[in-house]
file upload_11.cif (mmCIF, C-alpha atoms)
data_query
#
loop_
_atom_site.label_atom_id
_atom_site.label_comp_id
_atom_site.auth_asym_id
_atom_site.auth_seq_id
_atom_site.Cartn_x
_atom_site.Cartn_y
_atom_site.Cartn_z
CA MET A 26 -171.96 -160.44 82.50
CA HIS A 27 -172.90 -163.32 80.20
CA ASN A 28 -174.70 -163.16 76.89
CA LEU A 29 -178.34 -164.21 76.81
CA GLN A 30 -179.18 -167.12 74.52
CA SER A 31 -182.76 -168.34 74.53
CA GLY A 32 -184.62 -169.88 71.60
CA ASP A 33 -184.17 -167.65 68.56
CA LEU A 34 -182.88 -164.72 70.60
CA THR A 35 -179.30 -163.78 71.43
CA ILE A 36 -178.24 -160.68 73.35
CA GLU A 37 -174.48 -160.14 73.20
CA VAL A 38 -172.92 -158.04 75.93
CA ALA A 39 -169.72 -156.07 75.58
CA GLU A 40 -168.39 -153.72 78.25
CA ALA A 41 -166.75 -150.53 77.04
CA PRO A 42 -163.94 -148.88 79.05
CA ASP A 43 -166.26 -146.00 79.98
CA GLY A 44 -168.59 -148.41 81.83
CA VAL A 45 -171.16 -148.64 79.06
CA MET A 46 -172.68 -152.12 78.76
CA ARG A 47 -173.41 -152.52 75.07
CA CYS A 48 -176.12 -155.16 74.55
CA THR A 49 -176.70 -156.22 70.94
CA TRP A 50 -179.97 -158.02 70.19
CA LYS A 51 -179.87 -160.60 67.38
CA GLY A 52 -182.38 -163.05 65.92
CA LYS A 53 -185.99 -163.00 67.07
CA SER A 54 -187.73 -162.50 70.41
CA ASN A 55 -190.76 -164.69 69.82
CA GLU A 56 -191.19 -166.66 73.06
CA ARG A 57 -194.63 -167.08 74.59
CA ASN A 58 -193.59 -165.13 77.69
CA PRO A 59 -190.42 -163.10 76.97
CA PRO A 60 -190.47 -161.27 80.36
CA GLU A 61 -189.93 -164.66 82.03
CA ILE A 62 -186.56 -164.90 80.27
CA LEU A 63 -185.64 -161.24 79.99
CA LYS A 64 -186.53 -160.04 83.51
CA PRO A 65 -183.94 -162.18 85.38
CA TRP A 66 -181.31 -161.34 82.78
CA PHE A 67 -182.10 -157.62 83.04
CA GLU A 68 -181.79 -157.89 86.84
CA LYS A 69 -178.27 -159.34 86.52
CA LEU A 70 -177.36 -156.68 83.98
CA LEU A 71 -178.61 -153.90 86.28
CA ALA A 72 -176.67 -155.36 89.22
CA SER A 73 -173.51 -155.49 87.12
CA VAL A 74 -174.00 -151.93 85.82
CA GLY A 75 -174.80 -150.70 89.34
CA GLU A 76 -171.53 -152.09 90.75
CA LYS A 77 -169.54 -150.23 88.10
CA GLN A 78 -171.74 -147.12 88.11
CA GLY A 79 -172.05 -147.60 84.38
CA SER A 80 -174.86 -147.28 81.87
CA ILE A 81 -176.67 -149.48 79.34
CA GLU A 82 -176.88 -149.25 75.56
CA MET A 83 -179.37 -151.63 73.96
CA HIS A 84 -178.78 -152.10 70.23
CA PHE A 85 -181.69 -153.40 68.16
CA GLU A 86 -180.39 -152.72 64.65
CA LYS A 87 -179.74 -156.43 64.02
CA ILE A 88 -182.90 -157.91 65.47
CA GLU A 89 -185.29 -159.40 62.92
CA HIS A 90 -188.50 -159.38 64.91
CA PHE A 91 -189.89 -159.06 68.43
CA ASN A 92 -193.40 -159.67 69.67
CA SER A 93 -195.50 -157.26 71.71
CA SER A 94 -194.71 -159.14 74.95
CA THR A 95 -191.08 -158.16 74.38
CA ILE A 96 -192.17 -154.51 74.19
CA THR A 97 -193.84 -154.95 77.60
CA ALA A 98 -190.50 -156.20 78.97
CA LEU A 99 -188.70 -153.19 77.47
CA ILE A 100 -191.21 -150.79 79.07
CA ARG A 101 -190.49 -152.49 82.43
CA LEU A 102 -186.74 -152.09 81.85
CA ILE A 103 -187.16 -148.38 81.13
CA GLN A 104 -189.11 -147.98 84.37
CA ILE A 105 -186.63 -149.90 86.54
CA CYS A 106 -183.64 -148.05 85.04
CA ARG A 107 -185.28 -144.74 85.84
CA LYS A 108 -186.11 -145.86 89.41
CA THR A 109 -182.53 -147.00 89.99
CA ASN A 110 -180.90 -144.00 88.25
CA VAL A 111 -179.26 -146.10 85.56
CA LYS A 112 -178.87 -144.40 82.19
CA LEU A 113 -180.42 -146.41 79.35
CA VAL A 114 -180.06 -145.75 75.62
CA MET A 115 -181.92 -147.74 72.96
CA VAL A 116 -180.45 -147.67 69.45
CA TYR A 117 -182.50 -148.74 66.42
CA ASP A 118 -182.40 -148.77 62.64
CA GLN A 119 -184.51 -145.90 61.40
CA SER A 120 -184.40 -147.19 57.82
CA LEU A 121 -186.62 -150.12 58.87
CA LYS A 122 -190.19 -148.91 59.13
CA TRP A 123 -191.19 -151.45 61.79
CA GLN A 124 -188.29 -150.42 64.03
CA ARG A 125 -189.02 -146.73 63.46
CA LEU A 126 -192.65 -147.23 64.51
CA SER A 127 -191.86 -149.47 67.50
CA PHE A 128 -189.13 -147.30 68.96
CA ASP A 129 -190.45 -143.84 68.10
CA ALA A 130 -193.52 -144.80 70.14
CA LEU A 131 -191.28 -145.36 73.17
CA ARG A 132 -190.35 -141.65 73.08
CA VAL A 133 -193.37 -141.19 75.34
CA PHE A 134 -190.99 -142.37 78.12
CA GLU A 135 -188.26 -139.81 77.37
CA LYS A 136 -188.08 -137.09 80.01
CA ASN A 137 -185.66 -134.30 80.80
CA ASP A 138 -183.80 -136.47 83.35
CA ASP A 139 -181.21 -137.82 80.86
CA LEU A 140 -181.94 -141.38 82.08
CA PHE A 141 -183.65 -142.70 78.95
CA HIS A 142 -182.89 -141.87 75.34
CA LEU A 143 -183.68 -143.29 71.94
CA ARG A 144 -181.13 -142.96 69.18
CA PHE A 145 -181.01 -144.23 65.64
CA ALA A 146 -177.87 -145.76 64.16
CA MET B 12 -203.87 -158.89 34.35
CA SER B 13 -202.48 -155.72 35.89
CA ASN B 14 -200.44 -155.90 39.09
CA ASP B 15 -203.09 -153.93 40.99
CA ALA B 16 -205.70 -156.61 40.24
CA PHE B 17 -203.50 -159.37 41.64
CA GLY B 18 -205.43 -161.17 44.35
CA PHE B 19 -204.17 -163.64 46.93
CA SER B 20 -205.57 -165.92 49.58
CA ILE B 21 -204.09 -168.09 52.29
CA ASP B 22 -206.58 -170.16 54.27
CA MET B 23 -205.45 -172.96 56.53
CA THR B 24 -206.19 -174.86 59.68
CA VAL B 25 -203.22 -175.11 62.00
CA ARG B 26 -202.20 -177.12 65.06
CA ASN B 27 -202.09 -175.09 68.28
CA GLU B 28 -198.36 -175.33 68.92
CA TRP B 29 -196.44 -172.22 69.92
CA ARG B 30 -193.63 -172.81 67.43
CA ASN B 31 -196.22 -172.61 64.63
CA VAL B 32 -196.63 -168.88 65.33
CA ASP B 33 -193.15 -168.07 64.07
CA LEU B 34 -193.31 -170.68 61.30
CA LEU B 35 -196.51 -169.09 59.96
CA ARG B 36 -195.37 -165.51 60.56
CA THR B 37 -192.15 -166.04 58.59
CA SER B 38 -193.98 -168.08 55.92
CA VAL B 39 -196.48 -165.25 55.39
CA GLN B 40 -193.62 -162.74 55.27
CA ASN B 41 -191.66 -164.84 52.76
CA CYS B 42 -194.73 -165.45 50.56
CA PHE B 43 -195.58 -161.78 50.36
CA THR B 44 -191.97 -160.72 49.89
CA ALA B 45 -191.78 -163.09 46.93
CA VAL B 46 -194.74 -161.34 45.31
CA PHE B 47 -194.56 -157.69 46.37
CA ALA B 48 -191.83 -155.09 46.24
CA ASP B 49 -193.16 -153.38 49.38
CA VAL B 50 -190.90 -154.89 52.06
CA ASP B 51 -192.35 -152.72 54.84
CA GLY B 52 -195.88 -153.79 53.89
CA CYS B 53 -194.84 -157.47 53.93
CA HIS B 54 -193.30 -157.04 57.38
CA ALA B 55 -196.50 -155.38 58.61
CA ILE B 56 -198.67 -158.26 57.32
CA ALA B 57 -196.33 -160.75 59.02
CA MET B 58 -196.35 -158.83 62.32
CA VAL B 59 -200.16 -158.66 62.29
CA THR B 60 -200.32 -162.40 61.56
CA GLY B 61 -197.90 -163.19 64.39
CA GLU B 62 -199.70 -161.07 66.99
CA LEU B 63 -203.14 -162.49 66.10
CA LEU B 64 -201.80 -166.05 66.25
CA GLU B 65 -200.15 -165.40 69.62
CA ASN B 66 -203.45 -164.07 71.01
CA ALA B 67 -205.32 -167.12 69.71
CA LEU B 68 -202.86 -169.54 71.30
CA LYS B 69 -202.68 -167.67 74.60
CA TYR B 70 -206.38 -167.09 75.14
CA GLY B 71 -208.15 -169.78 73.11
CA ASP B 72 -209.78 -172.84 74.65
CA TRP B 73 -207.43 -175.73 73.96
CA VAL B 74 -208.72 -178.11 76.62
CA SER B 75 -212.44 -178.62 75.97
CA GLY B 76 -213.08 -181.47 73.55
CA ASP B 77 -211.24 -181.96 70.28
CA ARG B 78 -210.18 -178.36 69.75
CA ALA B 79 -206.51 -178.57 68.96
CA MET B 80 -206.70 -176.48 65.77
CA PHE B 81 -207.21 -172.87 64.79
CA ARG B 82 -207.74 -171.16 61.45
CA LEU B 83 -205.63 -168.51 59.72
CA ARG B 84 -206.88 -166.62 56.71
CA VAL B 85 -205.01 -163.90 54.78
CA HIS B 86 -206.59 -162.47 51.66
CA GLY B 87 -206.77 -159.29 49.63
CA GLN B 88 -205.42 -157.51 46.59
CA LEU B 89 -202.14 -155.84 45.85
CA ASN B 90 -202.06 -152.15 46.87
CA GLN B 91 -205.49 -152.46 48.47
CA VAL B 92 -206.79 -153.74 51.79
CA VAL B 93 -205.41 -157.03 53.12
CA GLU B 94 -207.47 -158.90 55.71
CA VAL B 95 -205.77 -161.15 58.22
CA SER B 96 -208.14 -163.17 60.39
CA VAL B 97 -207.59 -165.82 63.03
CA GLN B 98 -210.35 -168.00 64.46
CA ASN B 99 -210.00 -170.00 67.66
CA PRO B 100 -212.31 -171.82 70.10
CA LEU B 101 -213.50 -170.14 73.30
CA LYS B 102 -214.91 -171.66 76.47
CA ALA B 103 -218.64 -171.02 76.84
CA ASP B 104 -218.19 -169.04 80.06
CA ASP B 105 -214.84 -167.54 79.08
CA ALA B 106 -214.42 -163.83 79.91
CA ASN B 107 -211.58 -163.57 77.38
CA GLY B 108 -214.05 -163.19 74.50
CA ASN B 109 -215.75 -160.17 76.05
CA THR B 110 -212.40 -158.73 77.15
CA LEU B 111 -211.20 -159.02 73.57
CA VAL B 112 -214.29 -157.34 72.12
CA LYS B 113 -214.05 -154.52 74.68
CA ALA B 114 -210.32 -154.07 73.97
CA ILE B 115 -211.04 -153.67 70.27
CA GLU B 116 -213.89 -151.21 70.97
CA TRP B 117 -211.46 -149.25 73.18
CA ILE B 118 -208.82 -149.14 70.42
CA ASN B 119 -211.37 -148.11 67.79
CA SER B 120 -212.64 -145.31 70.06
CA PHE B 121 -209.40 -143.38 69.52
CA PRO B 122 -209.27 -141.03 66.52
CA LYS B 123 -205.87 -142.53 65.60
CA PRO B 124 -204.35 -145.90 66.57
CA GLU B 125 -201.14 -144.14 67.61
CA ALA B 126 -203.02 -142.48 70.47
CA ALA B 127 -204.40 -145.86 71.62
CA TYR B 128 -200.93 -147.42 71.47
CA ARG B 129 -199.41 -144.58 73.48
CA ALA B 130 -202.22 -144.76 76.06
CA ARG B 131 -201.81 -148.54 76.44
CA MET B 132 -198.03 -148.25 76.89
CA LEU B 133 -198.51 -145.64 79.60
CA GLN B 134 -201.08 -147.88 81.34
CA ILE B 135 -198.61 -150.79 81.28
CA ALA B 136 -195.85 -148.57 82.69
CA GLN B 137 -198.09 -147.41 85.53
CA ASN B 138 -198.99 -150.94 86.61
CA ASP B 139 -196.33 -152.63 88.71
CA GLU B 140 -197.65 -156.10 87.93
CA ASP B 141 -198.07 -157.49 84.44
CA GLU B 142 -201.72 -157.66 83.48
CA SER B 143 -202.89 -160.75 81.69
CA PRO B 144 -203.98 -160.30 78.96
CA SER B 145 -201.93 -157.13 78.30
CA ARG B 146 -203.60 -156.61 74.90
CA LEU B 147 -200.57 -154.63 73.72
CA GLY B 148 -200.48 -156.92 70.68
CA LEU B 149 -203.89 -155.69 69.50
CA VAL B 150 -202.93 -152.01 69.79
CA ARG B 151 -199.64 -152.77 68.07
CA ILE B 152 -201.59 -154.33 65.19
CA ALA B 153 -203.74 -151.21 64.94
CA PHE B 154 -200.81 -148.80 65.16
CA GLU B 155 -197.84 -150.46 63.43
CA GLY B 156 -200.02 -152.38 60.99
CA ASN B 157 -202.28 -149.40 60.32
CA CYS B 158 -205.21 -151.78 60.77
CA ARG B 159 -208.87 -151.59 61.60
CA LEU B 160 -209.71 -154.38 64.04
CA ALA B 161 -212.97 -156.29 64.44
CA ALA B 162 -214.02 -159.36 66.43
CA LYS B 163 -217.05 -161.63 66.31
CA ILE B 164 -218.03 -164.53 68.52
CA VAL B 165 -220.15 -167.26 66.91
CA ASP B 166 -220.82 -170.81 68.13
CA GLY B 167 -218.01 -170.90 70.67
CA HIS B 168 -215.42 -169.50 68.29
CA VAL B 169 -213.95 -166.01 68.18
CA THR B 170 -212.67 -164.55 64.92
CA VAL B 171 -210.44 -161.48 65.05
CA THR B 172 -209.94 -159.67 61.77
CA ALA B 173 -207.35 -157.00 61.04
CA ALA B 174 -207.92 -155.00 57.86
CA LEU B 175 -204.60 -153.58 56.75
CA ASP B 176 -204.57 -150.71 54.31
CA LEU B 177 -201.59 -151.51 52.10
CA SER B 178 -202.05 -148.44 49.94
CA SER B 179 -201.34 -146.10 52.86
CA SER B 180 -198.73 -148.52 54.27
CA ALA B 181 -196.78 -148.25 51.05
CA ALA B 182 -197.00 -144.49 51.19
CA GLY B 183 -196.12 -144.20 54.88
#

call {"tool": "encode", "arguments": {"input": "upload_11.cif", "output": "C-alpha cells"}}
result
Amino acid sequence: MHNLQSGDLTIEVAEAPDGVMRCTWKGKSNERNPPEILKPWFEKLLASVGEKQGSIEMHFEKIEHFNSSTITALIRLIQICRKTNVKLVMVYDQSLKWQRLSFDALRVFEKNDDLFHLRFA
Amino acid sequence: MSNDAFGFSIDMTVRNEWRNVDLLRTSVQNCFTAVFADVDGCHAIAMVTGELLENALKYGDWVSGDRAMFRLRVHGQLNQVVEVSVQNPLKADDANGNTLVKAIEWINSFPKPEAAYRARMLQIAQNDEDESPSRLGLVRIAFEGNCRLAAKIVDGHVTVTAALDLSSSAAG
C-alpha cells in the first residue's frame, strides 16, 4: 500500500505486524473536492486490509487543517468500513480544540459493534 | 488603549482562484496569531474564513460578465464578536442563493449548532450519493466556530456573514 501525496496533503501508511494499517495524515486537506482524491485511495486501502483481514488506524494528530469536504469523505469511510466489517480507529489530538470539536462530533457514528472508535493520543 | 478595545479590520477584493482560499485562510490565521494569545480562537476565525471562501468559489457565478473577484471582510474587537463575511456574485436565476438562505435558516432553527451539525452528518451518512452542495461547511462554521450565520442577497450578490463570539470561544 502506497502513501497518498496530493497537493498539501500526505497520508503515510505503515503496516504493523498485527495487521493494523497505520495511516498518518500530515499537512493540509484543502482540495476543492477531497473525496475525488481520497475515495480511490480509501478503496485500495480497504482492499489491502481486506486481504490481510487487518484493521485501520487513522492518525490525525499531525494534520494542520482539513476542510468540511474532507469530513464528508471521512463519514463515507466510516460507513464503508462498517458495511465491510473492517475495524476503523481514528486518533486525534485532544489538546487542539479544533480537533476535539471535529472528532468528538464523529462519536455519533460509534456503536456497540466495535467497528468504529475514536481515541485521543 | 486597553487590549479589550483593540479593533481590527481586513477588507479586500480577491481573485477567484482556488489556491487563494488556503492563502487567505493561513494569512488570516497568521495575522490573528500575531496579535492575540488565543490560538484556538485564531484557528476558529481561520476555519470560518476558509469555509466561507470555499462556498463562494464553489457556488458563485464566475462566468457571467466580468465577475472574477469576490470580497472578504474580517472585522471586530479583541475578546468580543468577530464578523467574517464573504460576498460573491450569483446568477439571476441561480437556485444556490435560495438554497444557501434556507440552509442558514435550518441551522439557526436548532437550539444549539451542535445539534444541527450532528443532524447534518447523519443526513450525509444516510445518503449513498454525495449531495451538492453538502452545506456541511456552513454547519461546521456554526458549530466549531460558535457562529451565528446570516445571508443577504442584493443586486446579484450574496453576502454570508458569520458572527463569531470570541469571548465564549476563549472560555470554551

call {"tool": "residues_around", "arguments": {"input": "upload_11.cif", "residues": "His84 (chain A)", "least_positions_apart": "4", "cutoff": "7 Å", "atoms": "all atoms listed in the file", "output": "PyMOL selection string"}}
result
chain A and resi 48-50+115-117

call {"tool": "closest_atom_pairs", "arguments": {"input": "upload_11.cif", "of": "chain A", "to": "chain B", "cutoff": "8 Å", "atoms": "all atoms listed in the file", "output": "JSON lines"}}
result
{"residue": "A:Asn55", "atom": "CA", "partner": "B:Asp33", "partner_atom": "CA", "distance": 7.1}
{"residue": "A:Arg57", "atom": "CA", "partner": "B:Trp29", "partner_atom": "CA", "distance": 7.2}
{"residue": "A:Asn92", "atom": "CA", "partner": "B:Glu62", "partner_atom": "CA", "distance": 7.0}
{"residue": "A:Ser93", "atom": "CA", "partner": "B:Gly148", "partner_atom": "CA", "distance": 5.1}
{"residue": "A:Ser94", "atom": "CA", "partner": "B:Leu147", "partner_atom": "CA", "distance": 7.5}
{"residue": "A:Thr97", "atom": "CA", "partner": "B:Ile135", "partner_atom": "CA", "distance": 7.3}
{"residue": "A:Ile100", "atom": "CA", "partner": "B:Ala136", "partner_atom": "CA", "distance": 6.3}
{"residue": "A:Arg101", "atom": "CA", "partner": "B:Ala136", "partner_atom": "CA", "distance": 6.6}
{"residue": "A:Gln104", "atom": "CA", "partner": "B:Ala136", "partner_atom": "CA", "distance": 7.0}
{"residue": "A:Leu121", "atom": "CA", "partner": "B:Asp51", "partner_atom": "CA", "distance": 7.5}
{"residue": "A:Lys122", "atom": "CA", "partner": "B:Asp51", "partner_atom": "CA", "distance": 6.1}
{"residue": "A:Trp123", "atom": "CA", "partner": "B:Glu155", "partner_atom": "CA", "distance": 6.9}
{"residue": "A:Leu126", "atom": "CA", "partner": "B:Glu155", "partner_atom": "CA", "distance": 6.2}
{"residue": "A:Ser127", "atom": "CA", "partner": "B:Glu155", "partner_atom": "CA", "distance": 7.3}
{"residue": "A:Ala130", "atom": "CA", "partner": "B:Arg129", "partner_atom": "CA", "distance": 6.8}
{"residue": "A:Val133", "atom": "CA", "partner": "B:Arg129", "partner_atom": "CA", "distance": 7.2}

call {"tool": "residues_around", "arguments": {"input": "upload_11.cif", "residues": "region 38-46 of chain A", "least_positions_apart": "5", "cutoff": "9 Å", "atoms": "all atoms listed in the file", "output": "list of chain:residue names"}}
result
A:Met26, A:His27, A:Asn28, A:Leu29, A:Leu70, A:Val74, A:Lys77, A:Gln78, A:Gly79, A:Ser80, A:Ile81, A:Glu82, A:Met83

call {"tool": "residues_around", "arguments": {"input": "upload_11.cif", "residues": "Pro59 (chain A)", "least_positions_apart": "3", "cutoff": "8 Å", "atoms": "all atoms listed in the file", "output": "PyMOL selection string"}}
result
chain A and resi 54-56+62-63+94-95+98

call {"tool": "atom_distance", "arguments": {"input": "upload_11.cif", "atom1": "CA of Val25 (chain B)", "atom2": "CA of Asp176 (chain B)"}}
result
25.6 Å

call {"tool": "residues_near_point", "arguments": {"input": "upload_11.cif", "point": "(-183.5, -155.0, 67.3)", "cutoff": "8 Å", "atoms": "only C-alpha atoms", "output": "PDB file with C-alpha atoms, in the coordinates of the input"}}
result
ATOM      1  CA  THR A  49    -176.700-156.220  70.940  1.00  0.00           C
ATOM      2  CA  TRP A  50    -179.970-158.020  70.190  1.00  0.00           C
ATOM      3  CA  LYS A  51    -179.870-160.600  67.380  1.00  0.00           C
ATOM      4  CA  HIS A  84    -178.780-152.100  70.230  1.00  0.00           C
ATOM      5  CA  PHE A  85    -181.690-153.400  68.160  1.00  0.00           C
ATOM      6  CA  GLU A  86    -180.390-152.720  64.650  1.00  0.00           C
ATOM      7  CA  LYS A  87    -179.740-156.430  64.020  1.00  0.00           C
ATOM      8  CA  ILE A  88    -182.900-157.910  65.470  1.00  0.00           C
ATOM      9  CA  GLU A  89    -185.290-159.400  62.920  1.00  0.00           C
ATOM     10  CA  HIS A  90    -188.500-159.380  64.910  1.00  0.00           C
ATOM     11  CA  PHE A  91    -189.890-159.060  68.430  1.00  0.00           C
ATOM     12  CA  TYR A 117    -182.500-148.740  66.420  1.00  0.00           C
ATOM     13  CA  ASP A 118    -182.400-148.770  62.640  1.00  0.00           C
ATOM     14  CA  GLN A 124    -188.290-150.420  64.030  1.00  0.00           C
TER      15      GLN A 124
END

call {"tool": "atom_distance", "arguments": {"input": "upload_11.cif", "atom1": "CA of Thr60 (chain B)", "atom2": "CA of Val97 (chain B)"}}
result
8.2 Å

call {"tool": "atom_distance", "arguments": {"input": "upload_11.cif", "atom1": "CA of Asp72 (chain B)", "atom2": "CA of Leu160 (chain B)"}}
result
21.3 Å

call {"tool": "closest_residue", "arguments": {"input": "upload_11.cif", "among": "B:Val46, B:Ile56, B:Ala103, B:Leu111", "to": "Tyr70 (chain B)", "atoms": "all atoms listed in the file"}}
result
B:Leu111

call {"tool": "closest_residue", "arguments": {"input": "upload_11.cif", "among": "B:Glu28, B:Asp49, B:Glu94, B:Asp166", "to": "Leu64 (chain B)", "atoms": "only C-alpha atoms"}}
result
B:Glu28

call {"tool": "axis_aligned_box", "arguments": {"input": "upload_11.cif", "around": "region 54-66 of chain A", "padding_each_side": "5 Å", "output": "AutoDock Vina command-line options"}}
result
--center_x -188.0 --center_y -163.6 --center_z 77.6 --size_x 23.3 --size_y 17.0 --size_z 25.6

call {"tool": "residues_around", "arguments": {"input": "upload_11.cif", "residues": "Leu102 (chain A)", "least_positions_apart": "4", "cutoff": "9 Å", "atoms": "all atoms listed in the file", "output": "PDB file with C-alpha atoms, in the coordinates of the input"}}
result
ATOM      1  CA  LYS A  64    -186.530-160.040  83.510  1.00  0.00           C
ATOM      2  CA  PHE A  67    -182.100-157.620  83.040  1.00  0.00           C
ATOM      3  CA  THR A  97    -193.840-154.950  77.600  1.00  0.00           C
ATOM      4  CA  ALA A  98    -190.500-156.200  78.970  1.00  0.00           C
ATOM      5  CA  CYS A 106    -183.640-148.050  85.040  1.00  0.00           C
ATOM      6  CA  ARG A 107    -185.280-144.740  85.840  1.00  0.00           C
ATOM      7  CA  LEU A 113    -180.420-146.410  79.350  1.00  0.00           C
TER       8      LEU A 113
END

call {"tool": "closest_residue", "arguments": {"input": "upload_11.cif", "among": "A:Val111, A:Leu131, A:Ile103, A:Ile96", "to": "Gly75 (chain A)", "atoms": "all atoms listed in the file"}}
result
A:Val111
